[in-house]
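This report refers to the structure that appears directly beneath it.
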Amino acid sequence: MIATVILAAGASSRMGQAKQLLKVHDKYILEDLYNNLKSLSDDVFVISGCYYQLMSETFPKMQILRNKNWSIGMGSSIAFAVKNLQTQYSHILFSTCDQFLVKKKHYEKLINTSNQHPKKIIASMYNNSFGIPVIFPQQFYSELVLLTNKNFGAKNIIRKYQNQTICIPCNDASIDVDTPIDLKKYLDH
């Protein structure tokens, strides 16, 4: 059974406001992603941190888990998610709230590939690299729970096990919104 996790714990300091609460085309980007993923899996969790209270009030129907160590970085949110979900799920799909251009079809491809190759890491490929969105099977949980690194999240684990990884191309995953300029570029596109 697969759990889907949206990483949304950061302070969005470069954006100057909570990215999790940004609206694009009159929809919250987090809510839109959550609904897309919910159509693929009943078990969708949002890992929050900095804006936990605000997100809980804004999205009362979402399953929001609070990572109190969010400021350490994305790795701590991944580790937190795995610690909380590892006994109930054989696989965890990780996504981020600011990769809202990734289409539902790509998530379907990741899940279908994982179903066909249940012992493999299924990663997205973009900009000649790999990363999130990604699905990890449970044999990697023991390493994921140890993550704390601010800069790499799970990328080093994917790199370490490249021979056990299947990469699915997804140019949309290379576009995330970190600054007001990024958002304007996207909206003007």
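For the structure tokens, the naming scheme is as follows: chains receive sequential letters (A, B, ...) according to their order of presentation, residues are indexed from 1 within each chain, and ligands are indexed from 1 in presentation order.
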
Spatial neighbours of Ile29 of chain A, 9 Å, only C-alpha atoms, chain gap at least 6 places, as number ranges by chain: A: 19-23, 97-100

Under the rule that only C-alpha atoms are counted, which of A:Val177, A:Val24, A:Val5, A:Val145 is the nearest residue to Ile132 of chain A? A:Val5

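What separates atom CA of Ser48 of chain A from atom CA of Asn67 of chain A is a distance of 6.0 Å.
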
I need the strand (DSSP E) residues of segment 51-173 of chain A per DSSP on the backbone, written as a PyMOL selection string. chain A and resi 63-66+91-96+121-126+129-137+165-169

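Each of A:Ser39, A:Ser129, A:Thr87, A:Ser56 was checked against Tyr141 of chain A using only C-alpha atoms; the smallest atom-to-atom distance is that of A:Thr87.
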
Between A:Asn171, A:Thr4, A:Asn84, A:Gln139, which is the closest to His106 of chain A once you count only C-alpha atoms? A:Asn171

Quick one: everything within 10 Å of Ala81 of chain A, counting only C-alpha atoms, minus sequence neighbours fewer than 5 positions away in the same chain. Send it as a PyMOL selection string. chain A and resi 3-7+45-47+65-67+75-76+86+92+94+144-145

May I have the selected residues written with C-alpha atoms, as a tab-separated table (two decimals), in the first residue's frame?
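Result written to out-v2.tsv:
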```
chain	number	residue	atom	x	y	z
A	3	ALA	CA	1.17	6.65	1.10
A	4	THR	CA	1.45	9.95	-0.72
A	5	VAL	CA	3.26	12.75	1.09
A	6	ILE	CA	3.33	16.43	0.13
A	7	LEU	CA	6.30	18.20	1.70
A	45	PHE	CA	-0.57	13.39	3.96
A	46	VAL	CA	0.81	16.92	4.12
A	47	ILE	CA	3.94	17.48	6.19
A	65	LEU	CA	1.18	16.18	10.15
A	66	ARG	CA	3.39	18.63	12.05
A	67	ASN	CA	7.16	18.30	11.80
A	75	GLY	CA	15.45	15.82	4.90
A	76	SER	CA	13.94	16.16	8.37
A	86	GLN	CA	6.53	3.23	7.83
A	92	ILE	CA	5.83	6.32	0.09
A	94	PHE	CA	7.07	12.20	-1.94
A	144	LEU	CA	15.27	7.76	4.98
A	145	VAL	CA	14.53	8.05	8.72
```

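Each of A:Ile2, A:Ile72, A:Ala9, A:Leu146 was checked against Asp42 of chain A using only C-alpha atoms; the smallest atom-to-atom distance is that of A:Ile2.
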
What's the 12 Å shell around Asn112 of chain A, counting only C-alpha atoms, without same-chain residues fewer than 5 positions away, as an NGL selection string? :A and (2 or 40 or 93 or 105-107 or 117-118 or 122 or 135 or 166 or 168)

For the residues in the current selection, export C-alpha atoms as a JSON list (two decimals), in the first residue's frame.
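New file result.json:
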```
[["chain", "number", "residue", "atom", "x", "y", "z"],
["A", 2, "ILE", "CA", 1.29, 3.44, -0.93],
["A", 40, "LEU", "CA", -4.93, 8.56, -7.14],
["A", 93, "LEU", "CA", 5.51, 8.81, -2.75],
["A", 105, "LYS", "CA", -0.44, 11.78, -15.49],
["A", 106, "HIS", "CA", 3.17, 11.83, -14.23],
["A", 107, "TYR", "CA", 2.09, 10.71, -10.75],
["A", 117, "HIS", "CA", 8.75, -2.85, -10.03],
["A", 118, "PRO", "CA", 7.88, -2.85, -6.31],
["A", 122, "ILE", "CA", 10.92, 5.36, -8.90],
["A", 135, "ILE", "CA", 8.52, 6.72, -4.66],
["A", 166, "ILE", "CA", 13.99, 3.74, -12.44],
["A", 168, "ILE", "CA", 10.70, 8.72, -15.38]]
```

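One finds atom CA of Asn115 of chain A at 18.8 Å from atom CA of Cys170 of chain A.
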